[in-house]
>>> print(open('my_file.cif').read())   # mmCIF, C-alpha atoms and all ligand atoms
data_work
loop_
_atom_site.label_atom_id
_atom_site.label_comp_id
_atom_site.auth_asym_id
_atom_site.auth_seq_id
_atom_site.Cartn_x
_atom_site.Cartn_y
_atom_site.Cartn_z
CA MET A 298 33.87 -46.48 48.40
CA ALA A 299 35.63 -43.17 49.10
CA ARG A 300 36.95 -43.16 45.59
CA PHE A 301 33.46 -43.80 44.22
CA LEU A 302 32.03 -40.90 46.31
CA PHE A 303 34.83 -38.63 45.15
CA ASN A 304 34.03 -39.50 41.56
CA LEU A 305 30.34 -38.94 42.21
CA HIS A 306 31.02 -35.49 43.69
CA LEU A 307 33.25 -34.58 40.80
CA PHE A 308 30.61 -35.77 38.40
CA ILE A 309 27.90 -33.68 40.11
CA ILE A 310 30.11 -30.57 40.15
CA ILE A 311 30.93 -30.96 36.46
CA PHE A 312 27.28 -31.60 35.69
CA ILE A 313 26.16 -28.42 37.52
CA PHE A 314 28.94 -26.45 35.80
CA ILE A 315 27.76 -27.62 32.40
CA ILE A 316 24.14 -26.71 33.20
CA VAL A 317 25.19 -23.22 34.37
CA VAL A 318 27.30 -22.65 31.25
CA VAL A 319 24.63 -23.96 28.90
CA SER A 320 21.81 -21.97 30.50
CA ALA A 321 23.89 -18.77 30.59
CA LYS A 322 24.27 -18.75 26.81
CA PRO A 323 22.15 -16.09 25.15
CA HIS A 324 18.88 -17.50 23.99
CA ARG A 325 18.55 -17.53 20.24
CA SER A 326 16.08 -19.64 18.46
CA SER A 327 14.30 -19.65 15.21
CA GLN A 328 12.11 -22.03 13.41
CA VAL A 329 11.74 -22.54 9.73
CA LEU A 330 8.07 -21.99 9.09
CA GLY A 331 6.01 -23.63 6.45
CA PRO A 332 3.36 -21.50 4.81
CA ALA A 333 1.61 -19.57 7.61
CA VAL A 334 -1.55 -21.47 8.37
CA GLY A 335 -4.60 -19.63 7.11
CA PHE A 336 -2.57 -17.00 5.25
CA GLY A 337 -2.01 -18.70 1.92
CA LYS A 338 1.08 -17.98 -0.15
CA GLU A 339 3.36 -15.01 0.35
CA LYS A 340 3.26 -12.65 -2.64
CA ILE A 341 4.87 -9.47 -3.82
CA SER A 342 2.69 -6.54 -4.84
CA HIS A 343 3.47 -3.32 -6.61
CA LEU A 344 1.17 -0.34 -5.97
CA ARG A 345 1.48 2.96 -7.79
CA PHE A 346 -0.44 6.03 -6.70
CA TYR A 347 -0.13 9.80 -6.41
CA PHE A 348 0.23 11.65 -3.12
CA HIS A 349 -1.26 15.15 -3.00
CA ASP A 350 0.42 17.34 -0.42
CA ILE A 351 -1.80 20.42 -0.30
CA VAL A 352 -0.43 23.10 2.03
CA SER A 353 -2.16 26.16 0.52
CA GLY A 354 -5.73 27.33 -0.01
CA PRO A 355 -8.81 27.04 2.17
CA LYS A 356 -8.60 23.24 2.63
CA PRO A 357 -4.99 22.21 3.19
CA THR A 358 -4.39 18.47 3.74
CA ALA A 359 -0.95 19.07 5.31
CA VAL A 360 -0.71 21.47 8.25
CA ARG A 361 2.25 22.52 10.32
CA VAL A 362 1.49 21.63 13.93
CA ALA A 363 4.81 22.33 15.65
CA ALA A 364 8.11 24.09 15.17
CA ALA A 365 11.13 25.23 17.15
CA ALA A 366 11.83 28.89 17.89
CA SER A 367 14.61 28.68 15.27
CA THR A 368 12.63 26.78 12.58
CA ASN A 369 11.81 29.78 10.41
CA LYS A 370 15.47 30.90 10.46
CA SER A 371 16.63 27.46 9.37
CA PRO A 372 17.22 26.96 5.63
CA THR A 373 15.80 23.44 6.03
CA PHE A 374 12.93 24.37 8.42
CA PHE A 375 14.63 22.15 10.97
CA GLY A 376 12.14 21.21 13.68
CA ALA A 377 8.93 21.74 11.70
CA VAL A 378 6.34 19.00 12.14
CA VAL A 379 3.58 18.72 9.52
CA MET A 380 0.51 16.54 10.08
CA THR A 381 -1.06 15.13 6.92
CA ASP A 382 -4.29 13.63 5.70
CA ASP A 383 -3.13 13.68 2.08
CA PRO A 384 -5.26 12.08 -0.64
CA LEU A 385 -3.70 9.19 -2.57
CA THR A 386 -5.20 8.96 -6.04
CA GLU A 387 -4.92 6.61 -8.97
CA ARG A 388 -3.61 9.25 -11.37
CA PRO A 389 -1.80 12.60 -10.95
CA ASP A 390 -5.12 14.42 -11.44
CA PRO A 391 -6.43 15.26 -7.93
CA ASN A 392 -9.95 14.45 -9.16
CA SER A 393 -9.01 10.93 -10.25
CA LYS A 394 -10.19 7.95 -8.20
CA LEU A 395 -9.32 8.11 -4.50
CA PHE A 396 -7.16 5.15 -3.56
CA GLY A 397 -6.50 6.06 0.08
CA ARG A 398 -5.14 8.70 2.42
CA ALA A 399 -1.68 9.29 3.85
CA GLN A 400 -2.31 9.95 7.53
CA GLY A 401 0.65 10.80 9.72
CA PHE A 402 3.37 13.37 9.89
CA TYR A 403 6.59 14.46 8.30
CA ALA A 404 9.15 16.40 10.28
CA SER A 405 12.24 18.29 9.16
CA ALA A 406 15.06 16.30 10.71
CA SER A 407 18.21 17.67 9.06
CA GLN A 408 20.00 21.00 9.49
CA GLU A 409 22.08 20.58 6.32
CA GLU A 410 19.64 19.40 3.64
CA LEU A 411 15.89 19.23 3.25
CA SER A 412 15.24 15.82 4.72
CA PHE A 413 12.13 14.65 6.52
CA LEU A 414 11.37 11.91 8.96
CA MET A 415 8.22 10.32 7.51
CA ALA A 416 5.92 8.43 9.88
CA MET A 417 2.63 7.63 8.18
CA ASN A 418 -0.10 5.15 7.67
CA PHE A 419 -1.48 4.77 4.18
CA ALA A 420 -5.15 3.99 4.77
CA PHE A 421 -6.65 2.48 1.62
CA VAL A 422 -10.31 2.93 0.71
CA ASP A 423 -10.56 1.39 -2.74
CA GLY A 424 -11.94 -2.02 -3.72
CA LYS A 425 -10.26 -5.03 -2.11
CA TYR A 426 -7.76 -2.76 -0.36
CA ASN A 427 -10.52 -0.88 1.48
CA GLY A 428 -9.78 -0.90 5.22
CA SER A 429 -6.20 -2.16 4.86
CA THR A 430 -3.20 -0.04 5.83
CA LEU A 431 0.53 0.16 5.23
CA SER A 432 2.90 1.83 7.68
CA ILE A 433 5.84 3.87 6.39
CA LEU A 434 8.77 4.95 8.53
CA GLY A 435 11.74 6.46 6.79
CA ARG A 436 13.92 9.28 5.60
CA ASN A 437 12.66 11.48 2.81
CA MET A 438 15.36 13.54 1.09
CA VAL A 439 12.99 15.86 -0.71
CA PHE A 440 15.31 17.03 -3.49
CA SER A 441 16.81 13.66 -4.40
CA LYS A 442 15.57 12.38 -7.71
CA VAL A 443 14.25 9.18 -6.16
CA ARG A 444 13.69 8.73 -2.44
CA GLU A 445 13.27 5.40 -0.76
CA MET A 446 11.47 4.67 2.49
CA PRO A 447 10.85 1.38 4.27
CA VAL A 448 7.39 -0.11 4.63
CA VAL A 449 7.54 -1.47 8.16
CA GLY A 450 4.20 -3.24 8.41
CA GLY A 451 0.57 -3.34 7.49
CA SER A 452 -2.90 -4.46 8.42
CA GLY A 453 -5.80 -6.25 6.77
CA LEU A 454 -4.75 -7.46 3.34
CA PHE A 455 -1.22 -6.28 4.19
CA ARG A 456 -0.66 -8.24 7.41
CA PHE A 457 3.04 -9.12 7.79
CA ALA A 458 3.89 -6.58 5.06
CA ARG A 459 7.47 -5.53 4.52
CA GLY A 460 8.92 -3.63 1.62
CA TYR A 461 9.85 -0.22 0.37
CA ALA A 462 8.34 2.86 -1.22
CA GLN A 463 10.12 4.83 -3.92
CA THR A 464 8.89 8.30 -4.64
CA HIS A 465 9.62 11.20 -6.91
CA ILE A 466 8.01 14.58 -7.41
CA HIS A 467 5.50 14.53 -10.24
CA THR A 468 4.68 18.23 -10.10
CA ALA A 469 5.40 20.89 -7.52
CA ASN A 470 4.25 24.47 -7.28
CA PHE A 471 7.04 26.37 -5.53
CA THR A 472 4.78 29.40 -5.01
CA SER A 473 1.99 27.63 -3.16
CA GLY A 474 4.11 24.76 -1.80
CA ASP A 475 1.63 22.17 -3.11
CA ALA A 476 3.09 19.00 -4.60
CA VAL A 477 1.99 15.83 -6.34
CA VAL A 478 4.34 12.95 -5.60
CA GLU A 479 4.37 9.60 -7.37
CA TYR A 480 4.68 6.60 -5.04
CA ASN A 481 5.76 3.14 -6.15
CA VAL A 482 5.39 0.70 -3.29
CA HIS A 483 6.74 -2.86 -3.43
CA ILE A 484 5.61 -5.12 -0.63
CA ILE A 485 5.81 -8.74 0.34
CA HIS A 486 2.68 -9.89 2.17
CA TYR A 487 0.19 -12.75 2.27
C1 LIG B 1 -15.00 0.85 2.35
O1 LIG B 1 -15.41 0.30 3.58
C2 LIG B 1 -16.29 1.16 4.31
C3 LIG B 1 -16.50 0.54 5.67
O2 LIG B 1 -16.70 -0.83 5.58
C4 LIG B 1 -17.57 1.36 3.52
O3 LIG B 1 -18.45 2.21 4.22
C5 LIG B 1 -17.21 1.99 2.17
O4 LIG B 1 -18.35 2.11 1.37
C6 LIG B 1 -16.18 1.15 1.43
N1 LIG B 1 -15.72 1.88 0.25
C7 LIG B 1 -15.55 1.30 -0.92
C8 LIG B 1 -15.09 2.20 -2.02
O5 LIG B 1 -15.74 0.12 -1.12
C1 LIG B 2 0.93 27.89 -8.12
O1 LIG B 2 0.42 28.46 -6.96
C2 LIG B 2 0.08 29.82 -7.10
C3 LIG B 2 -0.31 30.35 -5.70
O2 LIG B 2 -1.29 29.55 -5.10
C4 LIG B 2 -1.04 29.95 -8.12
O3 LIG B 2 -1.40 31.31 -8.28
C5 LIG B 2 -0.56 29.37 -9.46
O4 LIG B 2 -1.63 29.36 -10.40
C6 LIG B 2 -0.06 27.94 -9.25
N1 LIG B 2 0.57 27.46 -10.48
C7 LIG B 2 0.18 26.36 -11.12
C8 LIG B 2 0.94 26.00 -12.34
O5 LIG B 2 -0.74 25.65 -10.70
#
>>> encode(input="my_file.cif", output="structure tokens")
Amino acid sequence: MARFLFNLHLFIIIFIFIIVVVSAKPHRSSQVLGPAVGFGKEKISHLRFYFHDIVSGPKPTAVRVAAAASTNKSPTFFGAVVMTDDPLTERPDPNSKLFGRAQGFYASASQEELSFLMAMNFAFVDGKYNGSTLSILGRNMVFSKVREMPVVGGSGLFRFARGYAQTHIHTANFTSGDAVVEYNVHIIHY
């Protein structure tokens, strides 16, 4: 009897020990999902459009809203924050069809090279994309030939979006500061 009780106690202690060890393990779980119900098939889309960053003239679409005391002495304008409502058009011509607007900000985030933190929503207004958005968060090295920024999400037609945007300067006027930038956006979404 005593031996049985001893075994029982030992068993209970070991059992509790196992439970404590098992439940203390970090929780990681994932499930393989079938096609998301109601979302159809995942697809990859490529969008190309032109971003008009207009800083000069009577109706700028990009305005500096903040800066540090030292920003104007910095060769890279370190600390400048520029809020944008830049038109996105189908072709480089600013009067071509409006595809959407780039609403957000870019901020000079490097003291060594001209490099911006980009945090923007692309709000589309054309056709089936009307009302849908893509969110961009990334590093924009202005003078690199091609810059790449992550697409971190989207709404509407672009729910669950992930992907990247590659950009290069189409034309820039170094006197006025205005620029037309080509965007090629590749996204996976439903
Ligand atoms: C986009 O949607 C808005 C709001 O629903 C509507 O007023 C506008 O006419 C639409 N634009 C186009 C180009 O379809
Ligand atoms: C560049 O900007 C300056 C100043 O706004 C303007 O006078 C000039 O015509 C522009 N150049 C081109 C090629 O658009």
>>> closest_atom_pairs(input="my_file.cif", of="chain A", to="ligand LIG 1 (chain B)", cutoff="8 Å", atoms="all atoms listed in the file", output="JSON lines")
{"residue": "A:Val422", "atom": "CA", "partner": "B:LIG1", "partner_atom": "C1", "distance": 5.4}
{"residue": "A:Asp423", "atom": "CA", "partner": "B:LIG1", "partner_atom": "C8", "distance": 4.7}
{"residue": "A:Gly424", "atom": "CA", "partner": "B:LIG1", "partner_atom": "O5", "distance": 5.1}
{"residue": "A:Lys425", "atom": "CA", "partner": "B:LIG1", "partner_atom": "O5", "distance": 7.6}
{"residue": "A:Asn427", "atom": "CA", "partner": "B:LIG1", "partner_atom": "C1", "distance": 4.9}
{"residue": "A:Gly428", "atom": "CA", "partner": "B:LIG1", "partner_atom": "O1", "distance": 6.0}
>>> atom_distance(input="my_file.cif", atom1="CA of Thr468 in chain A", atom2="CA of Leu344 in chain A")
19.3 Å
>>> residues_near_ligand(input="my_file.cif", ligand="ligand LIG 2 (chain B)", cutoff="9 Å", atoms="all atoms listed in the file", output="compact mmCIF listing (two decimals) with C-alpha atoms, in the frame of the given file")
# COMPACT_ATOMS: atom_id res chain seq x y z
CA SER A 353 -2.16 26.16 0.52
CA GLY A 354 -5.73 27.33 -0.01
CA THR A 468 4.68 18.23 -10.10
CA ALA A 469 5.40 20.89 -7.52
CA ASN A 470 4.25 24.47 -7.28
CA PHE A 471 7.04 26.37 -5.53
CA THR A 472 4.78 29.40 -5.01
CA SER A 473 1.99 27.63 -3.16
CA GLY A 474 4.11 24.76 -1.80
CA ASP A 475 1.63 22.17 -3.11
>>> residues_near_point(input="my_file.cif", point="(11.2, 13.1, 4.3)", cutoff="10 Å", atoms="only C-alpha atoms", output="list in words")
Phe402, Tyr403, Ala404, Ser405, Ala406, Ser407, Leu411, Ser412, Phe413, Leu414, Met415, Ala416, Leu434, Gly435, Arg436, Asn437, Met438, Val439, Phe440, Arg444, Glu445 and Met446 of chain A
>>> atom_distance(input="my_file.cif", atom1="CA of Val482 in chain A", atom2="CA of Gly450 in chain A")
12.4 Å
>>> residues_around(input="my_file.cif", residues="range 381-395 of chain A", least_positions_apart="5", cutoff="8 Å", atoms="only C-alpha atoms", output="number ranges by chain")
A: 345-351, 358-360, 400-403, 422-423, 467, 477, 479
>>> residues_around(input="my_file.cif", residues="Glu409 in chain A", least_positions_apart="4", cutoff="9 Å", atoms="only C-alpha atoms", output="PDB file with C-alpha atoms, in the coordinates of the input")
ATOM      1  CA  PRO A 372      17.220  26.960   5.630  1.00  0.00           C
ATOM      2  CA  THR A 373      15.800  23.440   6.030  1.00  0.00           C
ATOM      3  CA  PHE A 375      14.630  22.150  10.970  1.00  0.00           C
TER       4      PHE A 375
END
>>> atom_distance(input="my_file.cif", atom1="CA of Tyr426 in chain A", atom2="CA of Gly335 in chain A")
18.7 Å
>>> closest_residue(input="my_file.cif", among="A:Arg325, A:Arg361, A:Ile341, A:Val379", to="Tyr461 in chain A", atoms="all atoms listed in the file")
A:Ile341
>>> decode(input="my_file.cif", residues="range 343-456 of chain A", atoms="C-alpha atoms", output="PDB file, in the first residue's frame")
ATOM      1  CA  HIS A 343       1.622  45.155 -61.408  1.00  0.00           C
ATOM      2  CA  LEU A 344       0.638  48.842 -61.383  1.00  0.00           C
ATOM      3  CA  ARG A 345       2.613  51.538 -63.144  1.00  0.00           C
ATOM      4  CA  PHE A 346       1.911  55.217 -62.595  1.00  0.00           C
ATOM      5  CA  TYR A 347       3.649  58.578 -62.316  1.00  0.00           C
ATOM      6  CA  PHE A 348       4.024  60.495 -59.065  1.00  0.00           C
ATOM      7  CA  HIS A 349       4.082  64.287 -59.366  1.00  0.00           C
ATOM      8  CA  ASP A 350       5.929  65.936 -56.500  1.00  0.00           C
ATOM      9  CA  ILE A 351       5.159  69.621 -56.962  1.00  0.00           C
ATOM     10  CA  VAL A 352       6.978  71.806 -54.435  1.00  0.00           C
ATOM     11  CA  SER A 353       6.980  75.111 -56.365  1.00  0.00           C
ATOM     12  CA  GLY A 354       4.379  77.504 -57.738  1.00  0.00           C
ATOM     13  CA  PRO A 355       1.064  78.674 -56.333  1.00  0.00           C
ATOM     14  CA  LYS A 356      -0.378  75.165 -55.763  1.00  0.00           C
ATOM     15  CA  PRO A 357       2.319  72.886 -54.358  1.00  0.00           C
ATOM     16  CA  THR A 358       1.234  69.294 -53.603  1.00  0.00           C
ATOM     17  CA  ALA A 359       4.211  68.681 -51.290  1.00  0.00           C
ATOM     18  CA  VAL A 360       4.790  71.113 -48.418  1.00  0.00           C
ATOM     19  CA  ARG A 361       7.418  71.158 -45.739  1.00  0.00           C
ATOM     20  CA  VAL A 362       5.640  71.037 -42.387  1.00  0.00           C
ATOM     21  CA  ALA A 363       8.528  70.589 -39.952  1.00  0.00           C
ATOM     22  CA  ALA A 364      12.274  70.869 -39.679  1.00  0.00           C
ATOM     23  CA  ALA A 365      15.020  70.965 -37.073  1.00  0.00           C
ATOM     24  CA  ALA A 366      16.966  74.126 -36.261  1.00  0.00           C
ATOM     25  CA  SER A 367      19.897  72.569 -38.154  1.00  0.00           C
ATOM     26  CA  THR A 368      17.928  71.295 -41.190  1.00  0.00           C
ATOM     27  CA  ASN A 369      18.847  74.120 -43.553  1.00  0.00           C
ATOM     28  CA  LYS A 370      22.561  73.732 -42.669  1.00  0.00           C
ATOM     29  CA  SER A 371      22.430  70.008 -43.387  1.00  0.00           C
ATOM     30  CA  PRO A 372      23.533  68.905 -46.878  1.00  0.00           C
ATOM     31  CA  THR A 373      20.765  66.279 -46.752  1.00  0.00           C
ATOM     32  CA  PHE A 374      18.090  68.509 -45.121  1.00  0.00           C
ATOM     33  CA  PHE A 375      18.179  66.101 -42.202  1.00  0.00           C
ATOM     34  CA  GLY A 376      15.019  66.510 -40.126  1.00  0.00           C
ATOM     35  CA  ALA A 377      12.780  68.014 -42.813  1.00  0.00           C
ATOM     36  CA  VAL A 378       9.280  66.557 -42.942  1.00  0.00           C
ATOM     37  CA  VAL A 379       7.244  67.075 -46.126  1.00  0.00           C
ATOM     38  CA  MET A 380       3.510  66.332 -46.266  1.00  0.00           C
ATOM     39  CA  THR A 381       2.200  65.294 -49.674  1.00  0.00           C
ATOM     40  CA  ASP A 382      -1.032  65.037 -51.590  1.00  0.00           C
ATOM     41  CA  ASP A 383       0.777  64.236 -54.838  1.00  0.00           C
ATOM     42  CA  PRO A 384      -1.206  63.288 -57.945  1.00  0.00           C
ATOM     43  CA  LEU A 385      -0.579  59.829 -59.407  1.00  0.00           C
ATOM     44  CA  THR A 386      -1.293  59.809 -63.120  1.00  0.00           C
ATOM     45  CA  GLU A 387      -1.386  57.225 -65.858  1.00  0.00           C
ATOM     46  CA  ARG A 388       1.342  58.870 -67.937  1.00  0.00           C
ATOM     47  CA  PRO A 389       4.216  61.284 -67.175  1.00  0.00           C
ATOM     48  CA  ASP A 390       2.095  64.175 -68.459  1.00  0.00           C
ATOM     49  CA  PRO A 391       0.531  65.845 -65.369  1.00  0.00           C
ATOM     50  CA  ASN A 392      -2.676  66.325 -67.368  1.00  0.00           C
ATOM     51  CA  SER A 393      -3.032  62.621 -68.144  1.00  0.00           C
ATOM     52  CA  LYS A 394      -5.700  60.572 -66.373  1.00  0.00           C
ATOM     53  CA  LEU A 395      -5.628  60.804 -62.572  1.00  0.00           C
ATOM     54  CA  PHE A 396      -5.085  57.353 -61.094  1.00  0.00           C
ATOM     55  CA  GLY A 397      -4.887  58.342 -57.424  1.00  0.00           C
ATOM     56  CA  ARG A 398      -3.093  60.487 -54.881  1.00  0.00           C
ATOM     57  CA  ALA A 399      -0.068  59.852 -52.687  1.00  0.00           C
ATOM     58  CA  GLN A 400      -1.122  61.106 -49.270  1.00  0.00           C
ATOM     59  CA  GLY A 401       1.404  60.979 -46.469  1.00  0.00           C
ATOM     60  CA  PHE A 402       4.831  62.301 -45.721  1.00  0.00           C
ATOM     61  CA  TYR A 403       8.471  61.873 -46.531  1.00  0.00           C
ATOM     62  CA  ALA A 404      11.124  62.880 -44.043  1.00  0.00           C
ATOM     63  CA  SER A 405      14.868  63.292 -44.444  1.00  0.00           C
ATOM     64  CA  ALA A 406      16.265  60.550 -42.239  1.00  0.00           C
ATOM     65  CA  SER A 407      19.970  60.408 -43.133  1.00  0.00           C
ATOM     66  CA  GLN A 408      22.819  62.810 -42.363  1.00  0.00           C
ATOM     67  CA  GLU A 409      25.151  61.264 -44.950  1.00  0.00           C
ATOM     68  CA  GLU A 410      23.061  60.836 -48.095  1.00  0.00           C
ATOM     69  CA  LEU A 411      19.721  62.085 -49.351  1.00  0.00           C
ATOM     70  CA  SER A 412      17.468  59.379 -48.013  1.00  0.00           C
ATOM     71  CA  PHE A 413      13.852  59.708 -46.967  1.00  0.00           C
ATOM     72  CA  LEU A 414      11.572  57.769 -44.722  1.00  0.00           C
ATOM     73  CA  MET A 415       8.419  57.369 -46.832  1.00  0.00           C
ATOM     74  CA  ALA A 416       5.120  56.790 -45.037  1.00  0.00           C
ATOM     75  CA  MET A 417       2.221  57.146 -47.441  1.00  0.00           C
ATOM     76  CA  ASN A 418      -1.113  55.876 -48.532  1.00  0.00           C
ATOM     77  CA  PHE A 419      -1.770  55.671 -52.236  1.00  0.00           C
ATOM     78  CA  ALA A 420      -5.487  56.445 -52.509  1.00  0.00           C
ATOM     79  CA  PHE A 421      -6.778  55.297 -55.895  1.00  0.00           C
ATOM     80  CA  VAL A 422      -9.673  57.018 -57.639  1.00  0.00           C
ATOM     81  CA  ASP A 423      -9.801  55.320 -61.027  1.00  0.00           C
ATOM     82  CA  GLY A 424     -12.199  52.624 -62.230  1.00  0.00           C
ATOM     83  CA  LYS A 425     -12.245  49.401 -60.222  1.00  0.00           C
ATOM     84  CA  TYR A 426      -9.464  50.703 -57.972  1.00  0.00           C
ATOM     85  CA  ASN A 427     -11.555  53.699 -56.867  1.00  0.00           C
ATOM     86  CA  GLY A 428     -11.668  53.813 -53.057  1.00  0.00           C
ATOM     87  CA  SER A 429      -8.909  51.230 -52.547  1.00  0.00           C
ATOM     88  CA  THR A 430      -5.586  52.122 -50.946  1.00  0.00           C
ATOM     89  CA  LEU A 431      -2.050  50.795 -50.659  1.00  0.00           C
ATOM     90  CA  SER A 432       0.231  51.677 -47.754  1.00  0.00           C
ATOM     91  CA  ILE A 433       3.937  52.256 -48.355  1.00  0.00           C
ATOM     92  CA  LEU A 434       6.542  52.358 -45.615  1.00  0.00           C
ATOM     93  CA  GLY A 435      10.156  52.390 -46.638  1.00  0.00           C
ATOM     94  CA  ARG A 436      13.482  53.997 -47.337  1.00  0.00           C
ATOM     95  CA  ASN A 437      13.821  56.188 -50.392  1.00  0.00           C
ATOM     96  CA  MET A 438      17.410  56.847 -51.469  1.00  0.00           C
ATOM     97  CA  VAL A 439      16.605  59.682 -53.821  1.00  0.00           C
ATOM     98  CA  PHE A 440      19.714  59.550 -55.995  1.00  0.00           C
ATOM     99  CA  SER A 441      19.885  55.779 -56.470  1.00  0.00           C
ATOM    100  CA  LYS A 442      18.954  54.717 -59.953  1.00  0.00           C
ATOM    101  CA  VAL A 443      16.167  52.474 -58.688  1.00  0.00           C
ATOM    102  CA  ARG A 444      14.715  52.693 -55.204  1.00  0.00           C
ATOM    103  CA  GLU A 445      12.653  49.989 -53.604  1.00  0.00           C
ATOM    104  CA  MET A 446      10.086  50.385 -50.849  1.00  0.00           C
ATOM    105  CA  PRO A 447       7.847  47.810 -49.200  1.00  0.00           C
ATOM    106  CA  VAL A 448       4.081  47.825 -49.631  1.00  0.00           C
ATOM    107  CA  VAL A 449       2.935  46.911 -46.141  1.00  0.00           C
ATOM    108  CA  GLY A 450      -0.799  46.615 -46.640  1.00  0.00           C
ATOM    109  CA  GLY A 451      -3.894  47.822 -48.381  1.00  0.00           C
ATOM    110  CA  SER A 452      -7.626  48.239 -48.270  1.00  0.00           C
ATOM    111  CA  GLY A 453     -10.595  47.550 -50.520  1.00  0.00           C
ATOM    112  CA  LEU A 454      -9.433  45.653 -53.582  1.00  0.00           C
ATOM    113  CA  PHE A 455      -5.984  45.461 -51.960  1.00  0.00           C
ATOM    114  CA  ARG A 456      -6.944  43.805 -48.658  1.00  0.00           C
TER     115      ARG A 456
END
